[in-house]
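Everything below belongs to query_31.txt, which stores compact mmCIF, C-alpha atoms.
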```txt
# COMPACT_ATOMS: atom_id res chain seq x y z
CA MET A 202 -6.06 22.92 -20.10
CA PRO A 203 -9.04 20.62 -19.54
CA SER A 204 -8.24 16.93 -19.29
CA GLN A 205 -9.57 14.22 -21.57
CA GLU A 206 -10.46 12.23 -18.47
CA PRO A 207 -13.36 13.20 -16.22
CA GLU A 208 -12.20 14.96 -13.08
CA ILE A 209 -13.58 15.99 -9.76
CA LYS A 210 -12.19 19.32 -8.67
CA ASN A 211 -12.69 20.60 -5.17
CA HIS A 212 -12.61 23.92 -3.38
CA ILE A 213 -11.58 22.61 0.00
CA ARG A 214 -8.55 24.85 0.34
CA ARG A 215 -10.57 28.03 -0.35
CA LEU A 216 -13.40 26.92 1.91
CA ARG A 217 -10.96 26.24 4.74
CA PHE A 218 -9.66 29.77 4.53
CA ASP A 219 -13.18 31.15 4.27
CA HIS A 220 -13.97 29.34 7.51
CA GLY A 221 -11.56 31.15 9.77
CA GLU A 222 -8.43 29.67 8.22
CA MET A 223 -9.37 26.22 9.37
CA THR A 224 -6.35 23.93 9.40
CA GLN A 225 -6.17 20.65 7.52
CA ASP A 226 -5.93 18.89 10.85
CA GLN A 227 -9.12 20.51 12.14
CA LEU A 228 -10.99 19.60 8.98
CA ALA A 229 -9.63 16.05 9.08
CA LYS A 230 -10.80 15.58 12.66
CA GLN A 231 -14.28 16.92 11.91
CA ALA A 232 -14.60 14.82 8.75
CA GLY A 233 -13.26 11.70 10.44
CA VAL A 234 -10.22 11.15 8.23
CA THR A 235 -6.48 11.69 8.52
CA ARG A 236 -4.71 14.92 7.60
CA HIS A 237 -2.92 13.00 4.85
CA THR A 238 -6.24 12.29 3.17
CA ILE A 239 -7.19 15.99 3.27
CA MET A 240 -3.79 16.82 1.77
CA ALA A 241 -4.34 14.25 -0.99
CA LEU A 242 -7.82 15.63 -1.68
CA GLU A 243 -6.55 19.19 -1.97
CA ALA A 244 -3.74 18.05 -4.26
CA GLY A 245 -6.25 16.25 -6.48
CA LYS A 246 -4.59 12.91 -5.76
CA TYR A 247 -7.69 11.30 -4.33
CA PHE A 248 -11.37 11.29 -5.22
CA PRO A 249 -13.44 10.84 -2.07
CA SER A 250 -16.39 8.53 -1.59
CA LEU A 251 -19.84 10.07 -1.57
CA LEU A 252 -19.98 9.62 2.18
CA LEU A 253 -16.76 11.56 2.75
CA ALA A 254 -17.81 14.23 0.24
CA PHE A 255 -21.03 14.82 2.19
CA ARG A 256 -19.19 14.82 5.51
CA ILE A 257 -16.74 17.47 4.29
CA ALA A 258 -19.57 19.54 2.84
CA ARG A 259 -21.38 19.33 6.17
CA VAL A 260 -18.29 20.60 8.00
CA PHE A 261 -18.38 23.71 5.79
CA GLY A 262 -22.17 23.97 6.02
CA ALA A 263 -22.36 24.01 2.24
CA PRO A 264 -24.03 21.81 -0.35
CA VAL A 265 -21.74 19.17 -1.75
CA GLU A 266 -21.69 20.75 -5.23
CA GLN A 267 -20.12 23.87 -3.74
CA VAL A 268 -17.25 21.83 -2.42
CA PHE A 269 -16.81 19.36 -5.28
CA GLU A 270 -17.18 20.05 -8.97
CA TYR A 271 -17.46 17.56 -11.79
CA VAL A 272 -15.37 18.60 -14.79
CA GLU A 273 -16.57 17.26 -18.12
CA PRO A 274 -13.92 15.54 -20.21
CA LEU A 275 -13.03 17.00 -23.58
CA PRO A 276 -14.78 15.32 -26.51
CA ARG A 277 -12.31 13.10 -28.41
CA MET B 742 4.27 10.59 6.57
CA SER B 743 1.31 8.39 7.41
CA ASP B 744 1.52 5.29 9.60
CA SER B 745 0.98 3.07 6.56
CA GLU B 746 3.93 4.66 4.77
CA LYS B 747 6.10 4.17 7.86
CA TRP B 748 5.01 0.53 7.92
CA ALA B 749 5.86 0.17 4.21
CA TRP B 750 9.33 1.69 4.62
CA TRP B 751 10.04 -0.48 7.65
CA THR B 752 8.85 -3.64 5.91
CA LEU B 753 10.84 -2.83 2.78
CA GLY B 754 13.91 -2.31 4.97
CA VAL B 755 13.38 -5.70 6.60
CA VAL B 756 13.01 -7.34 3.18
CA VAL B 757 16.21 -5.72 1.86
CA LEU B 758 18.09 -6.62 5.06
CA THR B 759 16.94 -10.24 4.81
CA ILE B 760 17.94 -10.53 1.14
CA ALA B 761 21.34 -8.95 1.91
CA ALA B 762 21.85 -11.27 4.88
CA TYR B 763 20.90 -14.26 2.72
CA GLY B 764 23.37 -13.21 0.03
CA ALA B 765 26.12 -12.67 2.60
CA TYR B 766 25.41 -16.04 4.22
CA VAL B 767 25.55 -17.89 0.91
CA ALA B 768 28.68 -16.01 -0.19
CA PHE B 769 30.74 -16.25 2.99
CA VAL B 770 29.47 -19.10 5.16
CA LYS B 771 28.58 -21.60 2.44
CA SER B 772 27.94 -24.42 4.90
CA GLY B 773 24.66 -24.97 6.70
CA HIS B 774 21.28 -23.77 5.66
CA ALA B 775 20.78 -20.13 4.79
CA ALA B 776 17.14 -20.49 5.79
CA LEU B 777 18.20 -19.33 9.27
CA VAL B 778 18.49 -15.72 8.06
CA PHE B 779 14.80 -15.69 7.19
CA GLY B 780 14.23 -15.29 10.92
CA LEU B 781 14.98 -11.61 10.28
CA LEU B 782 11.57 -11.39 8.64
CA ALA B 783 10.09 -11.48 12.12
CA LEU B 784 11.25 -7.86 12.46
CA ALA B 785 8.47 -6.93 10.04
CA ALA B 786 5.95 -7.77 12.76
CA LEU B 787 7.33 -5.14 15.16
CA PRO B 788 5.75 -1.96 13.76
CA ALA B 789 2.73 -3.92 12.64
CA SER B 790 1.71 -4.65 16.20
CA ARG B 791 2.74 -1.30 17.65
CA ARG B 792 1.69 1.16 14.97
CA ARG B 793 -0.25 0.00 11.98
CA TYR B 794 -2.53 -2.38 13.82
CA PHE B 795 -2.58 -0.55 17.10
CA PRO B 796 -6.04 -1.16 18.58
CA CYS B 797 -6.94 2.52 18.81
CA ARG B 798 -5.81 3.26 15.28
CA HIS B 799 -8.51 3.63 12.66
CA PHE B 800 -7.88 3.62 8.94
CA ASP B 801 -9.83 6.13 6.92
CA GLU B 802 -11.27 5.26 3.50
CA ARG B 803 -8.18 6.25 1.50
CA GLU B 804 -5.85 4.26 3.73
CA ARG B 805 -8.17 1.25 3.52
CA ALA B 806 -8.33 1.54 -0.28
CA ILE B 807 -4.54 1.72 -0.55
CA ALA B 808 -4.03 -1.17 1.89
CA GLY B 809 -6.51 -3.26 -0.12
CA LYS B 810 -4.84 -2.51 -3.45
CA ALA B 811 -1.40 -3.21 -1.98
CA ALA B 812 -2.55 -6.56 -0.56
CA LEU B 813 -4.04 -7.44 -3.94
CA ALA B 814 -0.79 -6.54 -5.70
CA GLY B 815 1.09 -8.80 -3.29
CA PHE B 816 -1.34 -11.62 -3.99
CA TYR B 817 -1.03 -11.14 -7.78
CA ALA B 818 2.77 -11.23 -7.52
CA PHE B 819 2.58 -14.42 -5.47
CA TRP B 820 0.16 -16.00 -7.92
CA LEU B 821 2.33 -15.10 -10.92
CA ALA B 822 5.44 -16.48 -9.23
CA PHE B 823 3.58 -19.63 -8.19
CA ALA B 824 2.21 -20.24 -11.68
CA GLY B 825 5.63 -19.50 -13.20
CA LEU B 826 7.40 -21.88 -10.83
CA ILE B 827 4.90 -24.71 -11.37
CA ASN B 828 5.10 -24.34 -15.15
CA ALA B 829 8.89 -24.10 -15.11
CA ILE B 830 9.19 -27.26 -13.02
CA GLY B 831 6.69 -29.04 -15.26
CA LEU B 832 8.42 -27.99 -18.45
CA ILE B 833 11.94 -28.73 -17.22
CA LYS B 834 11.37 -31.93 -15.25
CA GLY B 835 8.35 -33.20 -17.17
CA TRP B 836 4.75 -33.21 -16.02
CA ASN B 837 4.89 -36.80 -14.73
CA ALA B 838 8.16 -36.41 -12.85
CA THR B 839 8.36 -36.99 -9.11
CA LEU B 840 10.22 -34.39 -7.10
CA THR B 841 11.99 -35.15 -3.85
CA VAL B 842 13.19 -32.05 -2.05
CA PRO B 843 14.62 -31.55 1.41
CA VAL B 844 12.38 -29.88 3.95
CA TRP B 845 14.68 -26.84 4.20
CA THR B 846 14.18 -26.19 0.47
CA LEU B 847 10.45 -26.10 1.04
CA ILE B 848 10.92 -23.73 3.98
CA GLU B 849 13.20 -21.45 1.94
CA THR B 850 10.69 -21.40 -0.90
CA LEU B 851 7.91 -20.39 1.46
CA CYS B 852 10.11 -17.67 2.94
CA TRP B 853 10.92 -16.30 -0.52
CA ALA B 854 7.20 -16.27 -1.27
CA LEU B 855 6.61 -14.29 1.91
CA ILE B 856 9.39 -11.86 0.95
CA LEU B 857 7.81 -11.42 -2.47
CA VAL B 858 4.35 -10.74 -1.04
CA VAL B 859 5.37 -8.24 1.64
CA GLY B 860 7.94 -6.62 -0.66
CA VAL B 861 5.40 -5.99 -3.40
CA GLN B 862 2.79 -4.96 -0.83
CA SER B 863 5.03 -2.35 0.76
CA LEU B 864 6.31 -1.05 -2.60
CA THR B 865 2.75 -0.71 -3.90
CA THR B 866 1.77 1.11 -0.71
CA LEU B 867 4.56 3.64 -1.18
CA VAL B 868 3.76 4.18 -4.86
CA LEU B 869 0.02 4.61 -4.26
CA TYR B 870 0.60 7.18 -1.52
CA ARG B 871 2.55 9.31 -3.96
CA LYS B 872 0.79 8.83 -7.26
CA GLY B 873 -2.57 8.44 -8.89
CA PRO B 874 -5.79 10.40 -8.56
CA HIS B 875 -7.58 7.30 -7.36
CA ALA B 876 -4.97 6.19 -4.84
```
For the file at hand, write its structure as structure tokens.
Amino acid sequence: MPSQEPEIKNHIRRLRFDHGEMTQDQLAKQAGVTRHTIMALEAGKYFPSLLLAFRIARVFGAPVEQVFEYVEPLPR
Amino acid sequence: MSDSEKWAWWTLGVVVLTIAAYGAYVAFVKSGHAALVFGLLALAALPASRRRYFPCRHFDERERAIAGKAALAGFYAFWLAFAGLINAIGLIKGWNATLTVPVWTLIETLCWALILVVGVQSLTTLVLYRKGPHA
């Protein structure tokens, strides 16, 4: 069910598996963050900065909108 | 568990140990100044120098954001307690009263303030690592 708050969803988990089952640790090292931050991102517990979003997208060789998706909030 | 969470658990443990030691001192020893037990707070510096602030350790943006919010929460708690204490003293003793307190009372008050700040800071750190989309 869509939330009433705006959300940023991401497809990091799928992209990791599409890229040779890349581990969270490998992605974290390439993006310059800790594995805990990747875990939080995948769990939707953290919205990254633009800089980190672009760095992650670059790791996957994809445009940032393929990795992160803005979900419109429901009208009240 | 991240290094910051380990730091928070350790610091919280030190805070609880210090409060327990203070309570035990006041309950059983009764004589002397309980301010001595606040020396236990020095234990909080151990992981800080070896882990959290290790020179080679770099915080990423999420860790920095959480550390900043936790420090702010500690500061807010201190400010609230400070404002509450000042107003309570003013209301109870009168705003023109002169207070004479022993030095050890001042030291104990400062130590309690430190306990409040690091306690709130470590609790906030633990909560933010577990909850909240913006943590």
Might you pull out every residue within 8 Å of range 222-226 of chain A, with all atoms listed in the file counted and same-chain residues fewer than 3 positions away left off, and present them as number ranges by chain? A: 217-219, 229-230, 235-236, 239-240
Counting only C-alpha atoms, which residues of chain A sit at most 8 Å from some atom of chain B, and what is each one's closest atom pair with its distance in Å to one decimal, listed by chain and rising residue number, as a Markdown table?
```
| residue | atom | partner | partner_atom | distance |
| --- | --- | --- | --- | --- |
| A:Gly233 | CA | B:Asp801 | CA | 7.4 |
| A:Val234 | CA | B:Asp801 | CA | 5.2 |
| A:Thr235 | CA | B:Asp801 | CA | 6.7 |
| A:His237 | CA | B:Ser743 | CA | 6.8 |
| A:Thr238 | CA | B:Arg803 | CA | 6.6 |
| A:Gly245 | CA | B:Pro874 | CA | 6.2 |
| A:Lys246 | CA | B:Pro874 | CA | 3.9 |
| A:Tyr247 | CA | B:Pro874 | CA | 4.7 |
| A:Phe248 | CA | B:His875 | CA | 5.9 |
| A:Pro249 | CA | B:Arg803 | CA | 7.8 |
| A:Ser250 | CA | B:Glu802 | CA | 7.9 |
```
Identify, on the basis of only C-alpha atoms, every residue whose closest approach to Ala775 in chain B does not exceed 10 Å; exclude the query and any residue fewer than 4 positions from it along the same chain; express the result as a VMD selection string. chain B and resid 762 to 767 770 to 771 779 845 to 846 849
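Between CA of Glu243 in chain A and CA of Asn211 in chain A the separation is 7.1 Å.
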Point-to-point distance in Å for CA of Phe819 in chain B and CA of Leu847 in chain B: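 Atom-to-atom, CA of Leu847 in chain B and CA of Phe819 in chain B are spaced 15.5 Å apart.
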Between CA of Leu867 in chain B and CA of Trp820 in chain B, what distance in Å does the model show, to one decimal? 21.2 Å
Skipping near chain neighbours, those fewer than 2 positions away, what residues fall within 9 Å of Lys210 in chain A using only C-alpha atoms, listed as a list of chain:residue names?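 Residues meeting the cut-off are A:Glu208, A:His212, A:Glu243, A:Gly245, A:Phe248, A:Val268, A:Phe269, A:Glu270, A:Tyr271, A:Val272.
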Could you name the residues that touch Gln267 in chain A at 12 Å or less, counting all atoms listed in the file, but leaving out those on the same chain fewer than 2 positions away, as JSON, numbers by chain? {"A": [209, 210, 211, 212, 213, 215, 216, 254, 255, 257, 258, 259, 261, 262, 263, 264, 265, 269, 270, 271]}
